[in-house]
Amino acid sequence: VCMTNCPTLIVMVGLPARGKTYISKKLTRYLNWIGVPIKEFNVGQYRRDLVKKYKSFEFFLPDNEEGLKIRKQCALAALNDVRQYLSEENGHVAVFDATNTTRERRETIYKFGEENGYKTFFVESVCVDPEVIAANIVQVKLGSPDYVDCSNDEATEDFMKRIECYKNSYETLDETLDKDLSYIKIMDVGRSYLVNRVMDHIQSRIVYYLMNIHVTPRSIYLCRHGESELNLKGRIGGDPGLSVRGKEFAKSLAQFINEQNIKDLKVWTSQMKRTIQTAEALGVPYEQWKVLNEIDAGVCEEMTYEEIQENYPLEFALRDQDKYRYRYPKGESYEDLVQRLEPVIMELERQENVLVICHQAVMRCLLAYFLDKPAEQLPYLKCPLHTVLKLTPVAYGCKVESIFLNVEAVNTHRDKPENVDISRPPEEALVTVPAHQ
Amino acid sequence: AWASYMTNSPTLIVMIGLPARGKTYVSKKLTRYLNWIGVPTRVFNLGVYRREAVKSYKSYDFFRHDNKEAMEIRKRCALVALEDVKAYLLEECGQIAVRLFSTKHTYGVPGSLKHVSLPSSQVFFVESVCDDPEVIAANILEVKVSSPDYPERNRENVMDDFLKRIECYKVTYQPLDPDEYDKDLSFIKVINVGQRFLVNRVQDYIQSKIVYYLMNIHVQPRTIYLCRHGESEYNLVGKIGGDSGLSPRGKQFAQALKKFIEEQEIVDLKVWTSQLKRTIQTAESLGVTYEQWKILNEIDAGVCEEMTYSEIEAKYPDEFALRDQEKYLYRYPGGESYQDLVQRLEPVIMELERQGNVLVISHQAVMRCLLAYFLDKSADELPYPRGPLHTILKLPPVAYGCKVETITLNVEAVNTHRDKPSLNSNNLPTSQSPVRMRRNSLTPRASADTEKRPRHHSVGSKPRDPLGPFPFLE
């Protein structure tokens, strides 16, 4: 019997082009971002590594002995890697991404989970809408390495035949036959869900996340407040108002938003003056979120980097050593920030077009979620003032467009200096501090 | 604020299911949760209306579907109830009304909904389906035996009559059908007390929260223990907030707590603390593993942190008076309000619902918020209940609601309670409700004079717009 800390094995189920890999990648990105060690294992990838060149759908015919042998081999190899990740490399969650369309295959995997002490959770995607399937094929299959030498029409035709190979043996998760398994069945891209036997906290979180995501096309706009009075002086934190140039930016932002002609745009700010003043210029209703407030620098609030180096040289060095985990005395760390921003991410997933006017550290955290940046890179992502990042979900990821709104501002980005030793001389600590008044 | 997702569209939640399927239990619990997070919700229970109309209940014959006279009465009750729902949602600014029905088609629900003039997208059905006879029998024993319908009967008679009552409903019961007839409705079907769920067409944020809540509650018996940290050094000198350690008496309490816990012999007890020294030190004495939650930290008193009440009254007389006027909404400059606290504590409540036996060692304001959730206290009452030091509140499981047992652990401590003063407000500032001004800011928050204080940031949801008809201020 598994206790609370046993690893979780998520098993995707569904015909091809039902969004399994999309869900598996998105879920992996989300759990990684909130700090749960998770990895996905795509059996198709194992097949591509083994069978160097994909010929045609005939590989997937149910009576193709050799094909079946290879596919089973790949599944086992993937499971073996899963075992290594969960049992030897301290992974907490593994996503086994394959069709897993027969009860027999799922039983094999379930037994594997039991033998190794994993909790198994199935995620099935069921969809019969031909338009959705066709759109999926265009988005992610045409560009697949399997079809690199084919025309779009040839690829589509082959892929549809590939799907047919699975249909006859497809056994969907059944309310009666599978009543003892833990699973969520997603129908028609989220129109309805069947959820059975959720066992623990992580499964409950996964279900909540899956029930909140959607695939309606939309864009998320991220930007910082306009340049503030403290920005000009090179001071961090505080609750200052906008500088003259910051106010100009707010006007430019209003113009930009108007030109973009965005349908039903929601605007969110923090509860700090500088984001509120920026939003005010837009002349549209906006919502203030306290959790979007900038990272709390505790005792270092409103100091310049030079002052921090002078008063807290040890803290300054420690921060450079591990900027993600370092917590300002009486303040916060980036890790704390991510935790506090999780409801924002959940709500961003539910929403459609949103403009988030926030702060440097906050924007880095949100960006890391959308662009799947790991914790080490997150605190160094470049988020300059007066620049809007337009994020549009596409295929398995996010397209980013960076739009500088032509109003000059100071640079507030401080790169990691070479010397992070606690005994370093001040000049070496301050070498990457950007210029200010 | 997320309230704005709801302010313009009231929601009608319709509970469906045969008798003894837990409809009343779920609707009361859900209502309690929604009210606590700040969404005005009320339950309209058809059984209550029926009991009003038919003063004394005779037998299950009343519920036979061919009993014409009874059907007329029940229909009338449904219409009266629907009128009340309409009044609540449209005139009293209620956000959510929870209606208990037995079947969707009894009393012509679609017709009656038109009557209330709510578009169908704002109706969310919660159906409870159960085919496990043991669960049903247990429900009947728990709640029906003590129902006003059965004042003098003995258990067997009650069980017998009630089971026959259920049979009457079964004849016309039509469960929600997601594949055909009801595929355009928004609903969640809860099967066998949460073993399985079918969720269809969730429309908006509040429905998504309701679904998440329903999927996390359970009916396994368990006990929750709430207490504050032991007396702290600051408690002794009357200072609020800060991060001080335990006083000698506080350490004594921690020892007494350990003994108490051992005597209770609780199975699989989880222990939670905040990330402040005083709760951690208290938990350390227990000698068991415990979890530190930052969101259990005490309310942030902003500029007033580490001051005594007399110092606050002297230095910030206006703030002091304002807080007494409206303790729930009032936000310390640079700090938090009770309303902010509730928001930040929501994940704790969700996790408490998921868990079994838990001991939460927290702080005065935090404990008041948690208690208000369990005891269904309104926002006005929330900031005032007594939560003295060195006392444990034990919440055992009970049918509809919560019982509280207060256990004093015989270790002396200072009294940190401050009653609501009588309304002789001599220090009222002349400007109209500045408290509300701070809540509802379309204008930037004034902060020229706020000192930087340690801010305990919250892993919570969004800030709130004022609930109800507060005036917008330029």
# chains A, B, ... in the order shown; residues from 1 in each chain; ligands from 1
$ residues_around --residues "Ala297 of chain A" --least-positions-apart "5" --cutoff "9 Å" --atoms "only C-alpha atoms" --output "number ranges by chain"
A: 236-238, 302, 327-333
$ write_last_selection --atoms "all heavy atoms" --output "PDB file, in the first residue's frame"
ATOM      1  N   ILE A 236      15.586  49.315  -5.672  1.00  0.00           N
ATOM      2  CA  ILE A 236      14.663  48.197  -5.904  1.00  0.00           C
ATOM      3  C   ILE A 236      13.457  48.310  -4.963  1.00  0.00           C
ATOM      4  O   ILE A 236      13.543  48.920  -3.899  1.00  0.00           O
ATOM      5  CB  ILE A 236      15.350  46.827  -5.693  1.00  0.00           C
ATOM      6  CG1 ILE A 236      15.775  46.648  -4.235  1.00  0.00           C
ATOM      7  CG2 ILE A 236      16.534  46.673  -6.622  1.00  0.00           C
ATOM      8  CD1 ILE A 236      16.297  45.253  -3.950  1.00  0.00           C
ATOM      9  N   GLY A 237      12.341  47.706  -5.402  1.00  0.00           N
ATOM     10  CA  GLY A 237      11.161  47.626  -4.544  1.00  0.00           C
ATOM     11  C   GLY A 237      10.460  48.950  -4.321  1.00  0.00           C
ATOM     12  O   GLY A 237      10.456  49.825  -5.189  1.00  0.00           O
ATOM     13  N   GLY A 238       9.855  49.096  -3.146  1.00  0.00           N
ATOM     14  CA  GLY A 238       9.140  50.309  -2.807  1.00  0.00           C
ATOM     15  C   GLY A 238       7.802  50.416  -3.521  1.00  0.00           C
ATOM     16  O   GLY A 238       7.364  49.496  -4.210  1.00  0.00           O
ATOM     17  N   GLU A 302      13.965  49.338  -1.321  1.00  0.00           N
ATOM     18  CA  GLU A 302      14.302  50.731  -1.657  1.00  0.00           C
ATOM     19  C   GLU A 302      15.798  51.045  -1.611  1.00  0.00           C
ATOM     20  O   GLU A 302      16.177  52.208  -1.630  1.00  0.00           O
ATOM     21  CB  GLU A 302      13.531  51.712  -0.769  1.00  0.00           C
ATOM     22  CG  GLU A 302      12.035  51.542  -0.962  1.00  0.00           C
ATOM     23  CD  GLU A 302      11.213  52.666  -0.382  1.00  0.00           C
ATOM     24  OE1 GLU A 302      11.606  53.833  -0.578  1.00  0.00           O
ATOM     25  OE2 GLU A 302      10.187  52.359   0.260  1.00  0.00           O
ATOM     26  N   ARG A 327      16.219  33.919  -0.215  1.00  0.00           N
ATOM     27  CA  ARG A 327      15.149  34.730   0.327  1.00  0.00           C
ATOM     28  C   ARG A 327      15.747  35.929   1.051  1.00  0.00           C
ATOM     29  O   ARG A 327      16.545  35.776   1.979  1.00  0.00           O
ATOM     30  CB  ARG A 327      14.309  33.894   1.279  1.00  0.00           C
ATOM     31  CG  ARG A 327      13.025  34.567   1.741  1.00  0.00           C
ATOM     32  CD  ARG A 327      12.327  33.707   2.789  1.00  0.00           C
ATOM     33  NE  ARG A 327      11.539  32.626   2.196  1.00  0.00           N
ATOM     34  CZ  ARG A 327      11.158  31.551   2.874  1.00  0.00           C
ATOM     35  NH1 ARG A 327      11.512  31.397   4.127  1.00  0.00           N
ATOM     36  NH2 ARG A 327      10.440  30.622   2.283  1.00  0.00           N
ATOM     37  N   TYR A 328      15.377  37.128   0.622  1.00  0.00           N
ATOM     38  CA  TYR A 328      15.800  38.346   1.326  1.00  0.00           C
ATOM     39  C   TYR A 328      15.398  38.241   2.799  1.00  0.00           C
ATOM     40  O   TYR A 328      14.301  37.773   3.091  1.00  0.00           O
ATOM     41  CB  TYR A 328      15.087  39.563   0.758  1.00  0.00           C
ATOM     42  CG  TYR A 328      15.633  40.100  -0.554  1.00  0.00           C
ATOM     43  CD1 TYR A 328      14.939  39.922  -1.750  1.00  0.00           C
ATOM     44  CD2 TYR A 328      16.830  40.815  -0.605  1.00  0.00           C
ATOM     45  CE1 TYR A 328      15.419  40.440  -2.936  1.00  0.00           C
ATOM     46  CE2 TYR A 328      17.317  41.338  -1.798  1.00  0.00           C
ATOM     47  CZ  TYR A 328      16.607  41.144  -2.964  1.00  0.00           C
ATOM     48  OH  TYR A 328      17.059  41.648  -4.143  1.00  0.00           O
ATOM     49  N   PRO A 329      16.239  38.708   3.730  1.00  0.00           N
ATOM     50  CA  PRO A 329      15.835  38.681   5.138  1.00  0.00           C
ATOM     51  C   PRO A 329      14.551  39.484   5.298  1.00  0.00           C
ATOM     52  O   PRO A 329      14.464  40.618   4.820  1.00  0.00           O
ATOM     53  CB  PRO A 329      17.005  39.372   5.854  1.00  0.00           C
ATOM     54  CG  PRO A 329      18.138  39.303   4.898  1.00  0.00           C
ATOM     55  CD  PRO A 329      17.570  39.286   3.518  1.00  0.00           C
ATOM     56  N   LYS A 330      13.550  38.882   5.883  1.00  0.00           N
ATOM     57  CA  LYS A 330      12.221  39.457   6.065  1.00  0.00           C
ATOM     58  C   LYS A 330      11.516  39.692   4.737  1.00  0.00           C
ATOM     59  O   LYS A 330      10.559  40.443   4.655  1.00  0.00           O
ATOM     60  CB  LYS A 330      12.303  40.791   6.822  1.00  0.00           C
ATOM     61  CG  LYS A 330      12.861  40.645   8.214  1.00  0.00           C
ATOM     62  CD  LYS A 330      12.380  41.756   9.116  1.00  0.00           C
ATOM     63  CE  LYS A 330      12.641  41.389  10.559  1.00  0.00           C
ATOM     64  NZ  LYS A 330      12.980  42.488  11.401  1.00  0.00           N
ATOM     65  N   GLY A 331      11.995  39.040   3.696  1.00  0.00           N
ATOM     66  CA  GLY A 331      11.362  39.201   2.391  1.00  0.00           C
ATOM     67  C   GLY A 331      11.064  37.868   1.751  1.00  0.00           C
ATOM     68  O   GLY A 331      10.781  36.894   2.444  1.00  0.00           O
ATOM     69  N   GLU A 332      11.142  37.830   0.435  1.00  0.00           N
ATOM     70  CA  GLU A 332      10.781  36.623  -0.303  1.00  0.00           C
ATOM     71  C   GLU A 332      11.876  36.162  -1.238  1.00  0.00           C
ATOM     72  O   GLU A 332      12.802  36.887  -1.551  1.00  0.00           O
ATOM     73  CB  GLU A 332       9.569  36.904  -1.202  1.00  0.00           C
ATOM     74  CG  GLU A 332       8.301  37.237  -0.503  1.00  0.00           C
ATOM     75  CD  GLU A 332       7.234  37.581  -1.523  1.00  0.00           C
ATOM     76  OE1 GLU A 332       7.387  38.596  -2.217  1.00  0.00           O
ATOM     77  OE2 GLU A 332       6.271  36.811  -1.605  1.00  0.00           O
ATOM     78  N   SER A 333      11.679  34.935  -1.727  1.00  0.00           N
ATOM     79  CA  SER A 333      12.552  34.392  -2.754  1.00  0.00           C
ATOM     80  C   SER A 333      11.729  34.231  -4.029  1.00  0.00           C
ATOM     81  O   SER A 333      10.505  34.318  -4.005  1.00  0.00           O
ATOM     82  CB  SER A 333      13.056  33.021  -2.326  1.00  0.00           C
ATOM     83  OG  SER A 333      11.949  32.137  -2.195  1.00  0.00           O
TER      84      SER A 333
END
$ residues_around --residues "Val400 of chain A" --least-positions-apart "3" --cutoff "8 Å" --atoms "only C-alpha atoms" --output "ChimeraX atom specification"
/A:389-392
$ residues_around --residues "segment 211-217 of chain A" --least-positions-apart "5" --cutoff "7 Å" --atoms "only C-alpha atoms" --output "list in words"
Gly190, Glu349 and Arg350 of chain A
$ closest_atom_pairs --of "segment 326-431 of chain A" --to "segment 254-268 of chain A" --cutoff "6 Å" --atoms "only C-alpha atoms" --output "tab-separated table"
residue	atom	partner	partner_atom	distance
A:Asn353	CA	A:Leu265	CA	5.0
A:Val354	CA	A:Lys266	CA	4.7
A:Leu355	CA	A:Val267	CA	4.8
A:Val356	CA	A:Trp268	CA	4.8
$ write_last_selection --atoms "N, CA, C and O atoms" --output "PDB file, in the first residue's frame"
ATOM      1  N   ASN A 353      -8.142  36.392 -23.768  1.00  0.00           N
ATOM      2  CA  ASN A 353      -7.148  37.448 -23.977  1.00  0.00           C
ATOM      3  C   ASN A 353      -6.936  38.255 -22.710  1.00  0.00           C
ATOM      4  O   ASN A 353      -7.874  38.812 -22.163  1.00  0.00           O
ATOM      5  N   VAL A 354      -5.686  38.307 -22.243  1.00  0.00           N
ATOM      6  CA  VAL A 354      -5.384  39.019 -21.006  1.00  0.00           C
ATOM      7  C   VAL A 354      -4.123  39.849 -21.173  1.00  0.00           C
ATOM      8  O   VAL A 354      -3.155  39.397 -21.792  1.00  0.00           O
ATOM      9  N   LEU A 355      -4.134  41.062 -20.575  1.00  0.00           N
ATOM     10  CA  LEU A 355      -2.917  41.870 -20.479  1.00  0.00           C
ATOM     11  C   LEU A 355      -2.558  41.947 -19.004  1.00  0.00           C
ATOM     12  O   LEU A 355      -3.369  42.392 -18.196  1.00  0.00           O
ATOM     13  N   VAL A 356      -1.360  41.504 -18.646  1.00  0.00           N
ATOM     14  CA  VAL A 356      -0.918  41.539 -17.255  1.00  0.00           C
ATOM     15  C   VAL A 356       0.164  42.595 -17.119  1.00  0.00           C
ATOM     16  O   VAL A 356       1.251  42.467 -17.699  1.00  0.00           O
TER      17      VAL A 356
END
$ residues_around --residues "segment 311-316 of chain B" --least-positions-apart "6" --cutoff "12 Å" --atoms "only C-alpha atoms" --output "list in words"
Val237, Gly238, Lys239, Ile240, Ala301, Gly302, Val303, Cys304, Glu305, Leu322, Arg323, Asp324, Tyr332, Pro333, Asn427 and Pro429 of chain B
$ write_last_selection --atoms "C-alpha atoms" --output "JSON list (two decimals), in the first residue's frame"
[["chain", "number", "residue", "atom", "x", "y", "z"],
["B", 237, "VAL", "CA", 4.12, 42.74, 26.85],
["B", 238, "GLY", "CA", 0.97, 43.19, 24.77],
["B", 239, "LYS", "CA", 2.72, 43.70, 21.45],
["B", 240, "ILE", "CA", 0.91, 42.47, 18.34],
["B", 301, "ALA", "CA", -0.41, 44.46, 10.92],
["B", 302, "GLY", "CA", 1.68, 46.58, 8.57],
["B", 303, "VAL", "CA", 2.80, 49.80, 10.23],
["B", 304, "CYS", "CA", 1.34, 48.61, 13.52],
["B", 305, "GLU", "CA", 3.49, 45.50, 13.73],
["B", 322, "LEU", "CA", -11.56, 52.73, 11.78],
["B", 323, "ARG", "CA", -10.55, 49.20, 12.68],
["B", 324, "ASP", "CA", -13.08, 49.04, 15.45],
["B", 332, "TYR", "CA", -3.69, 47.90, 8.31],
["B", 333, "PRO", "CA", -1.62, 50.37, 6.25],
["B", 427, "ASN", "CA", -12.29, 59.75, 16.63],
["B", 429, "PRO", "CA", -12.56, 61.02, 10.51]]
$ interface_residues --of "chain A" --to "chain B" --cutoff "7 Å" --atoms "only C-alpha atoms" --output "list of chain:residue names"
A:Arg191, A:Ser192, A:Tyr193, A:Leu194, A:Val195, A:Asn196, A:Arg197, A:Tyr208, A:Asp239, A:Lys273, A:Ile276, A:Gln277, A:Glu287, A:Gln288, A:Trp289, A:Lys290, A:Val291, A:Gly298, A:Lys330, A:Gly331, A:Gln339, A:Arg340, A:Pro343
$ atom_distance --atom1 "atom CA of Glu167 of chain B" --atom2 "atom CA of Ser27 of chain B"
22.8 Å
$ residues_around --residues "Glu408 of chain A" --least-positions-apart "5" --cutoff "9 Å" --atoms "only C-alpha atoms" --output "NGL selection string"
:A and (227 or 245-246 or 249 or 385-386)
$ write_last_selection --atoms "N, CA, C and O atoms" --output "PDB file, in the first residue's frame"
ATOM      1  N   GLU A 227       8.314  53.046 -16.424  1.00  0.00           N
ATOM      2  CA  GLU A 227       9.483  53.385 -15.611  1.00  0.00           C
ATOM      3  C   GLU A 227       9.041  54.187 -14.374  1.00  0.00           C
ATOM      4  O   GLU A 227       8.218  55.098 -14.479  1.00  0.00           O
ATOM      5  N   ARG A 245       8.853  59.550 -18.208  1.00  0.00           N
ATOM      6  CA  ARG A 245       8.904  58.601 -19.324  1.00  0.00           C
ATOM      7  C   ARG A 245       7.944  57.439 -19.083  1.00  0.00           C
ATOM      8  O   ARG A 245       7.358  56.891 -20.012  1.00  0.00           O
ATOM      9  N   GLY A 246       7.776  57.069 -17.813  1.00  0.00           N
ATOM     10  CA  GLY A 246       6.845  55.992 -17.470  1.00  0.00           C
ATOM     11  C   GLY A 246       5.425  56.366 -17.884  1.00  0.00           C
ATOM     12  O   GLY A 246       4.671  55.537 -18.397  1.00  0.00           O
ATOM     13  N   PHE A 249       5.041  56.006 -21.508  1.00  0.00           N
ATOM     14  CA  PHE A 249       4.866  54.604 -21.868  1.00  0.00           C
ATOM     15  C   PHE A 249       3.417  54.185 -21.698  1.00  0.00           C
ATOM     16  O   PHE A 249       2.856  53.478 -22.549  1.00  0.00           O
ATOM     17  N   LEU A 385      11.955  47.218 -19.303  1.00  0.00           N
ATOM     18  CA  LEU A 385      10.831  48.150 -19.190  1.00  0.00           C
ATOM     19  C   LEU A 385      10.355  48.541 -20.579  1.00  0.00           C
ATOM     20  O   LEU A 385      11.100  48.483 -21.559  1.00  0.00           O
ATOM     21  N   HIS A 386       9.097  48.966 -20.650  1.00  0.00           N
ATOM     22  CA  HIS A 386       8.539  49.535 -21.874  1.00  0.00           C
ATOM     23  C   HIS A 386       8.527  48.568 -23.041  1.00  0.00           C
ATOM     24  O   HIS A 386       8.520  48.993 -24.188  1.00  0.00           O
TER      25      HIS A 386
END
$ select_by_dssp --residues "segment 170-367 of chain B" --states "alpha helix (DSSP H)" --output "PyMOL selection string"
chain B and resi 170-172+205-216+233-237+248-264+277-284+309-315+317-325+338-354+364-367
$ select_by_dssp --residues "segment 264-412 of chain A" --states "strand (DSSP E)" --output "ChimeraX atom specification"
/A:266-269,287-288,354-358,387-394,397-404
$ write_last_selection --atoms "C-alpha atoms" --output "short mmCIF file (atom, residue, chain, number, x, y, z; two decimals), in the first residue's frame"
data_model
loop_
_atom_site.label_atom_id
_atom_site.label_comp_id
_atom_site.auth_asym_id
_atom_site.auth_seq_id
_atom_site.Cartn_x
_atom_site.Cartn_y
_atom_site.Cartn_z
CA LYS A 266 -8.99 41.60 -19.57
CA VAL A 267 -6.42 43.81 -17.87
CA TRP A 268 -4.75 42.84 -14.59
CA THR A 269 -2.37 44.86 -12.42
CA GLU A 287 -8.43 44.30 -11.87
CA GLN A 288 -5.89 44.65 -9.09
CA VAL A 354 -5.38 39.02 -21.01
CA LEU A 355 -2.92 41.87 -20.48
CA VAL A 356 -0.92 41.54 -17.26
CA ILE A 357 0.85 44.71 -16.11
CA CYS A 358 3.28 43.62 -13.43
CA THR A 387 8.46 46.25 -23.77
CA VAL A 388 5.35 44.12 -24.26
CA LEU A 389 5.69 40.37 -24.71
CA LYS A 390 2.86 38.84 -26.71
CA LEU A 391 2.50 35.10 -26.04
CA THR A 392 0.42 33.00 -28.40
CA PRO A 393 0.04 29.27 -27.77
CA VAL A 394 0.99 27.30 -30.83
CA GLY A 397 4.48 25.57 -26.94
CA CYS A 398 4.24 29.34 -27.10
CA LYS A 399 5.15 31.86 -29.74
CA VAL A 400 6.73 35.02 -28.28
CA GLU A 401 6.68 38.42 -29.92
CA SER A 402 8.62 41.20 -28.25
CA ILE A 403 7.31 44.69 -28.91
CA PHE A 404 9.32 47.68 -27.69
#
$ closest_residue --among "A:Ala435, A:Leu79, A:Val128, A:Ala135" --to "Phe112 of chain A" --atoms "only C-alpha atoms"
A:Leu79
$ residues_around --residues "Pro19 of chain B" --least-positions-apart "5" --cutoff "10 Å" --atoms "only C-alpha atoms" --output "list in words"
Thr24, Phe101, Ser102, Ser128, Ile136, Asn139, Ile140, Lys144, Phe162, Leu163, Arg165, Ile166, Glu167, Tyr169 and Lys170 of chain B
$ write_last_selection --atoms "all heavy atoms" --output "short mmCIF file (atom, residue, chain, number, x, y, z; two decimals), in the first residue's frame"
data_model
loop_
_atom_site.label_atom_id
_atom_site.label_comp_id
_atom_site.auth_asym_id
_atom_site.auth_seq_id
_atom_site.Cartn_x
_atom_site.Cartn_y
_atom_site.Cartn_z
N THR B 24 -28.75 17.50 1.11
CA THR B 24 -28.76 18.57 2.11
C THR B 24 -27.37 18.75 2.71
O THR B 24 -26.92 19.88 2.93
CB THR B 24 -29.79 18.26 3.21
OG1 THR B 24 -31.04 18.02 2.59
CG2 THR B 24 -29.92 19.43 4.17
N PHE B 101 -33.95 19.81 -5.21
CA PHE B 101 -35.02 19.13 -5.92
C PHE B 101 -34.76 17.66 -5.82
O PHE B 101 -33.66 17.24 -5.55
CB PHE B 101 -34.93 19.46 -7.42
CG PHE B 101 -35.73 20.65 -7.82
CD1 PHE B 101 -35.13 21.66 -8.53
CD2 PHE B 101 -37.06 20.74 -7.52
CE1 PHE B 101 -35.86 22.76 -8.93
CE2 PHE B 101 -37.79 21.84 -7.93
CZ PHE B 101 -37.18 22.86 -8.65
N SER B 102 -35.76 16.88 -6.14
CA SER B 102 -35.45 15.46 -6.20
C SER B 102 -35.14 15.02 -7.61
O SER B 102 -34.22 14.28 -7.84
CB SER B 102 -36.59 14.63 -5.64
OG SER B 102 -36.57 14.76 -4.25
N SER B 128 -26.54 13.96 -6.97
CA SER B 128 -25.89 12.95 -6.14
C SER B 128 -26.54 11.61 -6.41
O SER B 128 -27.74 11.44 -6.22
CB SER B 128 -26.04 13.33 -4.66
OG SER B 128 -25.52 12.29 -3.88
N ILE B 136 -26.53 4.44 1.84
CA ILE B 136 -27.88 5.00 1.96
C ILE B 136 -28.43 4.76 3.36
O ILE B 136 -28.97 5.67 4.00
CB ILE B 136 -28.81 4.40 0.89
CG1 ILE B 136 -28.28 4.76 -0.50
CG2 ILE B 136 -30.23 4.90 1.06
CD1 ILE B 136 -28.93 3.99 -1.60
N ASN B 139 -26.84 7.08 5.82
CA ASN B 139 -27.40 8.43 5.71
C ASN B 139 -28.72 8.54 6.45
O ASN B 139 -28.96 9.49 7.17
CB ASN B 139 -27.65 8.77 4.24
CG ASN B 139 -26.40 9.26 3.55
OD1 ASN B 139 -25.36 9.41 4.19
ND2 ASN B 139 -26.48 9.49 2.27
N ILE B 140 -29.58 7.54 6.22
CA ILE B 140 -30.90 7.59 6.83
C ILE B 140 -30.77 7.63 8.35
O ILE B 140 -31.38 8.44 9.04
CB ILE B 140 -31.77 6.39 6.39
CG1 ILE B 140 -32.00 6.46 4.88
CG2 ILE B 140 -33.10 6.40 7.14
CD1 ILE B 140 -32.77 5.28 4.34
N LYS B 144 -32.00 11.25 9.05
CA LYS B 144 -33.44 11.20 8.91
C LYS B 144 -34.13 10.85 10.22
O LYS B 144 -35.22 11.31 10.51
CB LYS B 144 -33.86 10.21 7.81
CG LYS B 144 -33.26 10.52 6.45
CD LYS B 144 -33.62 11.91 5.95
CE LYS B 144 -32.93 12.19 4.62
NZ LYS B 144 -33.14 13.58 4.17
N PHE B 162 -38.98 5.56 5.49
CA PHE B 162 -38.13 6.34 4.59
C PHE B 162 -37.77 5.57 3.34
O PHE B 162 -37.75 6.13 2.24
CB PHE B 162 -36.87 6.84 5.32
CG PHE B 162 -36.36 8.08 4.69
CD1 PHE B 162 -36.88 9.32 5.02
CD2 PHE B 162 -35.39 8.01 3.71
CE1 PHE B 162 -36.45 10.47 4.40
CE2 PHE B 162 -34.94 9.16 3.09
CZ PHE B 162 -35.47 10.39 3.42
N LEU B 163 -37.49 4.30 3.49
CA LEU B 163 -37.16 3.51 2.31
C LEU B 163 -38.35 3.47 1.35
O LEU B 163 -38.20 3.55 0.13
CB LEU B 163 -36.73 2.10 2.71
CG LEU B 163 -35.33 2.03 3.32
CD1 LEU B 163 -35.05 0.64 3.89
CD2 LEU B 163 -34.27 2.39 2.30
N ARG B 165 -40.48 5.81 1.09
CA ARG B 165 -40.52 7.16 0.52
C ARG B 165 -39.61 7.23 -0.70
O ARG B 165 -39.98 7.79 -1.74
CB ARG B 165 -40.07 8.15 1.59
CG ARG B 165 -40.42 9.57 1.30
CD ARG B 165 -40.52 10.32 2.61
NE ARG B 165 -39.68 11.51 2.67
CZ ARG B 165 -39.59 12.30 3.72
NH1 ARG B 165 -40.26 12.02 4.82
NH2 ARG B 165 -38.82 13.37 3.70
N ILE B 166 -38.42 6.66 -0.53
CA ILE B 166 -37.47 6.66 -1.65
C ILE B 166 -38.08 5.94 -2.84
O ILE B 166 -37.97 6.40 -3.99
CB ILE B 166 -36.14 5.99 -1.25
CG1 ILE B 166 -35.47 6.80 -0.13
CG2 ILE B 166 -35.22 5.90 -2.44
CD1 ILE B 166 -34.17 6.17 0.36
N GLU B 167 -38.76 4.83 -2.58
CA GLU B 167 -39.37 4.08 -3.69
C GLU B 167 -40.36 4.94 -4.46
O GLU B 167 -40.47 4.84 -5.68
CB GLU B 167 -40.07 2.83 -3.16
CG GLU B 167 -39.11 1.75 -2.65
CD GLU B 167 -38.10 1.32 -3.68
OE1 GLU B 167 -38.48 1.05 -4.85
OE2 GLU B 167 -36.89 1.27 -3.36
N TYR B 169 -40.18 8.07 -5.05
CA TYR B 169 -39.45 8.94 -5.96
C TYR B 169 -38.86 8.17 -7.13
O TYR B 169 -38.77 8.69 -8.24
CB TYR B 169 -38.30 9.63 -5.22
CG TYR B 169 -38.71 10.81 -4.40
CD1 TYR B 169 -39.04 10.66 -3.06
CD2 TYR B 169 -38.78 12.08 -4.97
CE1 TYR B 169 -39.40 11.75 -2.30
CE2 TYR B 169 -39.14 13.17 -4.21
CZ TYR B 169 -39.46 13.00 -2.87
OH TYR B 169 -39.82 14.09 -2.12
N LYS B 170 -38.44 6.94 -6.86
CA LYS B 170 -37.74 6.19 -7.90
C LYS B 170 -38.59 6.04 -9.15
O LYS B 170 -38.07 6.00 -10.25
CB LYS B 170 -37.35 4.80 -7.37
CG LYS B 170 -36.03 4.76 -6.66
CD LYS B 170 -35.55 3.34 -6.42
CE LYS B 170 -34.22 3.35 -5.68
NZ LYS B 170 -33.84 2.03 -5.19
#
$ closest_residue --among "B:Leu18, B:Phe62, B:Lys55, B:Val360" --to "Val171 of chain B" --atoms "only C-alpha atoms"
B:Leu18
$ closest_residue --among "B:Ala372, B:Tyr60, B:Ala20, B:Ile96" --to "Ala137 of chain B" --atoms "only C-alpha atoms"
B:Ala20
$ residues_around --residues "Glu427 of chain A" --least-positions-apart "6" --cutoff "12 Å" --atoms "only C-alpha atoms" --output "ChimeraX atom specification"
/A:305-306,309-310,313,417-420,433
